[in-house]
>>> print(open('target.cif').read())   # mmCIF, C-alpha atoms and all ligand atoms
data_final
#
loop_
_atom_site.label_atom_id
_atom_site.label_comp_id
_atom_site.auth_asym_id
_atom_site.auth_seq_id
_atom_site.Cartn_x
_atom_site.Cartn_y
_atom_site.Cartn_z
CA MET A 1 -10.93 -7.36 -7.30
CA ILE A 2 -9.52 -4.38 -9.20
CA ASP A 3 -10.09 -3.45 -12.84
CA LEU A 4 -8.39 -0.49 -14.48
CA VAL A 5 -9.65 0.18 -17.98
CA HIS A 6 -8.17 2.79 -20.32
CA ILE A 7 -6.91 5.01 -17.50
CA ASN A 8 -5.33 8.29 -18.57
CA LYS A 9 -4.17 11.08 -16.34
CA TYR A 10 -2.77 14.53 -17.02
CA TYR A 11 -1.18 17.12 -14.77
CA GLN A 12 -1.99 20.57 -16.03
CA ASN A 13 -0.05 23.73 -15.29
CA ALA A 14 -0.01 27.17 -16.89
CA GLN A 15 2.50 26.25 -19.60
CA GLU A 16 1.93 22.63 -20.38
CA SER A 17 -0.05 19.47 -19.86
CA LEU A 18 1.86 16.42 -18.63
CA HIS A 19 0.47 13.04 -19.69
CA VAL A 20 1.43 10.98 -16.59
CA LEU A 21 -0.65 7.83 -17.07
CA ARG A 22 -1.16 6.53 -20.60
CA ASP A 23 -3.91 4.06 -21.35
CA ILE A 24 -3.33 1.90 -18.28
CA ASN A 25 -5.21 -1.42 -18.33
CA PHE A 26 -4.83 -4.09 -15.75
CA HIS A 27 -6.67 -6.46 -13.51
CA VAL A 28 -5.76 -7.49 -9.97
CA ASN A 29 -7.08 -10.74 -8.52
CA ALA A 30 -7.53 -11.20 -4.78
CA GLY A 31 -4.49 -12.94 -3.32
CA GLU A 32 -1.92 -11.60 -5.79
CA MET A 33 1.42 -10.11 -4.79
CA ILE A 34 2.44 -7.68 -7.51
CA ALA A 35 5.59 -5.59 -7.99
CA ILE A 36 5.45 -2.32 -9.92
CA MET A 37 8.80 -1.13 -11.27
CA GLY A 38 9.84 1.84 -13.33
CA PRO A 39 12.28 4.75 -13.42
CA SER A 40 11.84 7.80 -11.22
CA GLY A 41 9.04 9.98 -12.58
CA SER A 42 7.45 7.17 -14.61
CA GLY A 43 4.13 7.42 -12.74
CA LYS A 44 4.30 4.68 -10.09
CA SER A 45 3.15 6.80 -7.15
CA THR A 46 0.50 8.44 -9.32
CA LEU A 47 -0.81 4.99 -10.20
CA ILE A 48 -0.94 3.71 -6.63
CA ASN A 49 -2.59 6.90 -5.38
CA LEU A 50 -5.29 6.18 -7.90
CA LEU A 51 -5.48 2.52 -6.86
CA GLY A 52 -5.73 3.58 -3.20
CA PHE A 53 -8.67 5.94 -3.79
CA ILE A 54 -6.56 9.01 -3.02
CA ASP A 55 -6.76 10.45 -6.51
CA ARG A 56 -9.94 10.51 -8.54
CA LYS A 57 -8.89 12.96 -11.25
CA PHE A 58 -8.38 10.63 -14.19
CA SER A 59 -10.24 9.40 -17.24
CA GLY A 60 -11.16 5.79 -17.88
CA SER A 61 -12.70 3.48 -15.35
CA TYR A 62 -11.59 2.04 -12.06
CA LEU A 63 -13.83 -0.74 -10.84
CA PHE A 64 -13.31 -2.07 -7.35
CA GLU A 65 -15.15 -5.37 -6.87
CA GLY A 66 -17.22 -4.38 -9.87
CA ASN A 67 -18.21 -0.93 -8.61
CA SER A 68 -17.08 2.49 -9.74
CA LEU A 69 -16.44 4.94 -6.92
CA LEU A 70 -16.50 7.92 -9.24
CA ARG A 71 -19.74 9.34 -7.86
CA THR A 72 -19.09 8.51 -4.20
CA SER A 73 -18.89 11.58 -1.95
CA ASP A 74 -15.44 12.54 -0.61
CA GLU A 75 -16.54 11.77 2.93
CA LYS A 76 -17.78 8.30 2.03
CA LEU A 77 -14.65 7.69 -0.04
CA SER A 78 -12.43 8.45 2.99
CA LYS A 79 -14.35 5.86 4.98
CA ILE A 80 -14.03 3.30 2.19
CA ARG A 81 -10.30 4.05 1.90
CA ASN A 82 -9.88 3.54 5.64
CA GLN A 83 -11.64 0.15 5.48
CA VAL A 84 -10.45 -1.22 2.16
CA VAL A 85 -6.80 -0.31 1.68
CA GLY A 86 -3.72 -0.29 3.91
CA PHE A 87 -0.80 1.98 2.94
CA ILE A 88 2.85 1.42 3.77
CA PHE A 89 5.56 3.94 2.86
CA GLN A 90 9.35 4.02 2.56
CA ASN A 91 9.80 6.37 5.53
CA PHE A 92 7.28 4.49 7.76
CA SER A 93 5.20 7.68 8.36
CA LEU A 94 4.72 7.01 12.06
CA ILE A 95 3.73 9.68 14.58
CA GLU A 96 6.88 10.20 16.67
CA ASN A 97 5.10 11.42 19.80
CA ASN A 98 2.70 8.48 19.85
CA THR A 99 3.50 5.04 21.23
CA VAL A 100 3.48 1.97 19.03
CA PHE A 101 0.03 1.14 20.42
CA GLU A 102 -1.33 4.62 19.59
CA ASN A 103 0.15 4.54 16.08
CA VAL A 104 -1.45 1.18 15.28
CA GLU A 105 -4.76 2.11 16.91
CA LEU A 106 -5.19 5.26 14.84
CA PRO A 107 -7.22 3.84 11.91
CA LEU A 108 -9.63 2.25 14.42
CA LEU A 109 -10.59 5.55 16.03
CA TYR A 110 -13.40 6.11 13.51
CA GLY A 111 -14.79 2.61 13.95
CA GLY A 112 -16.61 2.95 17.27
CA LEU A 113 -14.96 -0.01 19.01
CA SER A 114 -14.81 -0.23 22.79
CA PRO A 115 -11.39 0.27 24.47
CA SER A 116 -11.13 -3.44 25.24
CA GLU A 117 -11.98 -4.46 21.67
CA THR A 118 -9.42 -1.93 20.42
CA LYS A 119 -6.75 -3.24 22.76
CA GLU A 120 -7.39 -6.83 21.73
CA LYS A 121 -7.13 -5.96 18.02
CA VAL A 122 -3.98 -3.87 18.38
CA LEU A 123 -2.15 -6.49 20.46
CA LYS A 124 -3.19 -9.23 18.05
CA VAL A 125 -1.88 -7.39 14.98
CA LEU A 126 1.35 -6.42 16.77
CA LYS A 127 1.89 -10.08 17.55
CA ARG A 128 1.18 -10.92 13.89
CA VAL A 129 4.03 -8.66 12.72
CA GLY A 130 6.46 -9.87 15.39
CA LEU A 131 6.23 -6.93 17.80
CA GLU A 132 4.71 -8.56 20.83
CA GLY A 133 5.54 -6.55 23.96
CA LYS A 134 6.60 -3.40 22.08
CA GLU A 135 3.27 -1.54 22.41
CA LYS A 136 4.53 1.04 24.94
CA LYS A 137 7.67 1.97 22.97
CA TYR A 138 8.00 5.11 20.87
CA PRO A 139 9.09 4.88 17.21
CA LYS A 140 12.54 6.35 18.01
CA GLN A 141 13.19 3.48 20.42
CA LEU A 142 12.83 0.94 17.60
CA SER A 143 15.05 -0.14 14.71
CA GLY A 144 14.08 0.75 11.13
CA GLY A 145 12.77 -2.76 10.53
CA GLN A 146 10.69 -2.65 13.70
CA GLN A 147 9.30 0.76 12.71
CA GLN A 148 8.27 -0.65 9.35
CA ARG A 149 6.55 -3.52 11.18
CA VAL A 150 4.58 -0.94 13.18
CA ALA A 151 3.54 0.69 9.90
CA ILE A 152 2.51 -2.72 8.53
CA ALA A 153 0.49 -3.41 11.70
CA ARG A 154 -1.24 -0.04 11.28
CA ALA A 155 -1.99 -0.89 7.64
CA LEU A 156 -3.47 -4.26 8.68
CA ILE A 157 -5.54 -3.15 11.66
CA ASN A 158 -8.80 -2.67 9.72
CA GLU A 159 -8.36 -5.96 7.89
CA PRO A 160 -8.14 -4.21 4.51
CA LYS A 161 -8.96 -5.87 1.18
CA PHE A 162 -5.51 -4.99 -0.15
CA LEU A 163 -2.18 -3.44 0.82
CA ILE A 164 -0.22 -0.85 -1.13
CA ALA A 165 3.45 -0.39 -0.30
CA ASP A 166 5.54 2.38 -1.92
CA GLU A 167 9.25 1.38 -1.66
CA PRO A 168 8.66 -0.35 1.70
CA THR A 169 12.28 -1.53 1.96
CA GLY A 170 13.88 1.59 0.46
CA ALA A 171 15.12 2.84 3.83
CA LEU A 172 16.27 -0.53 5.18
CA ASP A 173 19.55 -2.47 5.02
CA THR A 174 19.68 -5.73 3.04
CA HIS A 175 19.13 -8.07 5.96
CA THR A 176 16.21 -6.07 7.41
CA SER A 177 14.69 -5.74 3.93
CA GLU A 178 14.66 -9.51 3.63
CA GLU A 179 12.87 -9.84 6.96
CA ILE A 180 10.23 -7.33 5.92
CA LEU A 181 9.82 -9.04 2.54
CA GLN A 182 9.42 -12.36 4.31
CA LEU A 183 6.66 -10.79 6.42
CA PHE A 184 4.86 -9.56 3.27
CA LYS A 185 5.24 -13.00 1.70
CA ASP A 186 3.87 -14.63 4.82
CA LEU A 187 0.90 -12.24 4.93
CA ASN A 188 0.26 -13.09 1.28
CA GLU A 189 0.55 -16.85 1.66
CA LYS A 190 -0.96 -17.46 5.10
CA ASP A 191 -3.45 -14.58 5.44
CA HIS A 192 -4.19 -14.32 1.68
CA ALA A 193 -3.38 -10.61 1.69
CA THR A 194 -3.44 -8.93 -1.72
CA ILE A 195 -0.30 -6.81 -1.97
CA ILE A 196 0.87 -4.23 -4.50
CA LEU A 197 4.49 -3.12 -4.01
CA VAL A 198 6.33 -0.31 -5.76
CA THR A 199 10.06 -0.92 -5.90
CA HIS A 200 13.39 -0.32 -7.62
CA ASP A 201 14.86 -3.46 -6.10
CA PRO A 202 15.06 -6.78 -8.02
CA GLU A 203 15.22 -8.56 -4.63
CA VAL A 204 11.70 -7.29 -3.84
CA VAL A 205 10.48 -8.49 -7.24
CA SER A 206 11.76 -12.00 -6.48
CA TYR A 207 9.15 -12.27 -3.70
CA CYS A 208 6.27 -11.39 -6.06
CA HIS A 209 4.00 -13.37 -8.42
CA ARG A 210 3.77 -10.73 -11.03
CA LEU A 211 5.79 -7.80 -12.33
CA ILE A 212 4.40 -4.68 -13.97
CA GLN A 213 6.96 -2.40 -15.63
CA ILE A 214 6.09 1.23 -16.27
CA ARG A 215 7.87 3.71 -18.54
CA ASP A 216 6.67 7.27 -19.14
CA GLY A 217 3.24 6.50 -17.68
CA ALA A 218 2.56 3.39 -19.76
CA ILE A 219 2.71 -0.28 -18.86
CA ILE A 220 5.41 -1.79 -21.06
CA GLU A 221 5.42 -5.22 -19.47
CA ASP A 222 3.02 -7.24 -17.30
CA LYS A 223 4.25 -10.76 -16.64
CA GLU A 224 3.78 -13.67 -14.27
CA LEU A 225 6.83 -14.71 -12.25
CA ASN A 226 7.86 -17.99 -10.71
CA ARG A 227 8.99 -17.16 -7.23
N1 LIG A 301 1.08 17.11 -8.18
C1 LIG A 301 1.75 17.08 -9.32
N2 LIG A 301 1.67 18.10 -10.21
C2 LIG A 301 2.34 18.06 -11.38
N3 LIG A 301 3.11 17.04 -11.78
C3 LIG A 301 3.23 16.00 -10.94
C4 LIG A 301 2.57 15.95 -9.67
N4 LIG A 301 2.88 14.78 -9.07
C5 LIG A 301 3.69 14.13 -9.90
N5 LIG A 301 3.91 14.84 -11.04
C6 LIG A 301 4.71 14.41 -12.19
O1 LIG A 301 4.13 13.19 -12.67
C7 LIG A 301 5.15 12.29 -13.10
C8 LIG A 301 4.99 10.99 -12.36
O2 LIG A 301 5.29 11.18 -10.99
P1 LIG A 301 5.27 10.02 -9.91
O3 LIG A 301 5.44 10.63 -8.57
O4 LIG A 301 4.05 9.19 -10.12
O5 LIG A 301 6.56 9.17 -10.32
P2 LIG A 301 7.23 7.91 -9.62
O6 LIG A 301 7.33 6.85 -10.67
O7 LIG A 301 6.51 7.57 -8.37
O8 LIG A 301 8.70 8.42 -9.30
P3 LIG A 301 9.70 8.07 -8.05
O9 LIG A 301 10.31 6.73 -8.38
O10 LIG A 301 10.71 9.16 -8.10
O11 LIG A 301 8.89 8.05 -6.78
C9 LIG A 301 6.47 13.00 -12.87
O12 LIG A 301 6.87 13.59 -14.09
C10 LIG A 301 6.13 14.06 -11.84
O13 LIG A 301 6.98 15.16 -11.97
MG MG A 302 7.06 7.58 -6.33
#
>>> encode(input="target.cif", output="structure tokens")
Amino acid sequence: MIDLVHINKYYQNAQESLHVLRDINFHVNAGEMIAIMGPSGSGKSTLINLLGFIDRKFSGSYLFEGNSLLRTSDEKLSKIRNQVVGFIFQNFSLIENNTVFENVELPLLYGGLSPSETKEKVLKVLKRVGLEGKEKKYPKQLSGGQQQRVAIARALINEPKFLIADEPTGALDTHTSEEILQLFKDLNEKDHATIILVTHDPEVVSYCHRLIQIRDGAIIEDKELNR
């Protein structure tokens, strides 16, 4: 599905050039659930921004299903991003003044669906993440775990080819983290979702098939796990 070949990235400022990704090579197969670990500042977010078509300023090649998106226009790339990848963040990134329904519906607004098709999709995905009946609530009326489920529903609504989650359990207590991890595992096993998770937490890693360790912008370990 994904091929990264000899990826290098630098951040340039007036004084210095920072080499943030160093000769990154890896391959992601559809259906994998991968953990990326590494110290703060090691380049994890930089790497997933690149994987999620947010950042195109790098050298080397990124092939998605065999195609390079290097020459795609920004406008077309935004559309592809919206269709192909679902993002989930530590702080949920929900819109506080929108209901659960409106938050989950958002990525569909560019798709030209009728209101009834939209409603059907949103209610179906809310049910999938265990939030049946919560569509009229506002984020503040939900627990942290429920808010993260809303974010996962929003990430799933366009039936993306893969999910990227940056510290998805970082703001949750242990018990709620386990519930969210179980949901990711279930999405991976039952719905064959391809999932890439950034984490500091060994508990998260125990739910994954594969662990990639990053130090100073380089992959120092890439191993299969028995979960
Ligand atoms: N826009 C930017 N301009 C310059 N340097 C940047 C920029 N974004 C990140 N960096 C630097 O690139 C390096 C990698 O940052 P990145 O955010 O990818 O780390 P991270 O592994 O996600 O860290 P954390 O665990 O704290 O989230 C860091 O040294 C950071 O300071
Ligand atoms: Mg980060």
>>> closest_residue(input="target.cif", among="A:Gly145, A:Pro139, A:Gly86, A:Gly31", to="Asn49 (chain A)", atoms="all atoms listed in the file")
A:Gly86
>>> residues_around(input="target.cif", residues="Leu108 (chain A)", least_positions_apart="5", cutoff="12 Å", atoms="only C-alpha atoms", output="ChimeraX atom specification")
/A:79,82-83,101-103,113-115,117-122,153-160
>>> residues_near_point(input="target.cif", point="(4.4, -7.7, 14.2)", cutoff="12 Å", atoms="all atoms listed in the file", output="count of residues only")
36
>>> residues_near_ligand(input="target.cif", ligand="ligand LIG 301 (chain A)", cutoff="12 Å", atoms="all atoms listed in the file", output="VMD selection string")
chain A and resid 9 to 22 36 to 50 55 57 89 to 90 165 to 168 170 197 to 201 213 to 219
>>> atom_distance(input="target.cif", atom1="CA of Asn8 (chain A)", atom2="CA of Asn67 (chain A)")
18.7 Å
>>> atom_distance(input="target.cif", atom1="CA of His192 (chain A)", atom2="CA of Thr99 (chain A)")
28.6 Å
>>> atom_distance(input="target.cif", atom1="CA of Lys140 (chain A)", atom2="CA of Thr176 (chain A)")
16.7 Å
>>> closest_residue(input="target.cif", among="A:Ile34, A:Ala171, A:Leu106, A:Leu225", to="Ile195 (chain A)", atoms="only C-alpha atoms")
A:Ile34
>>> closest_residue(input="target.cif", among="A:Glu32, A:Glu224, A:Glu203, A:Asp3", to="Leu163 (chain A)", atoms="all atoms listed in the file")
A:Glu32
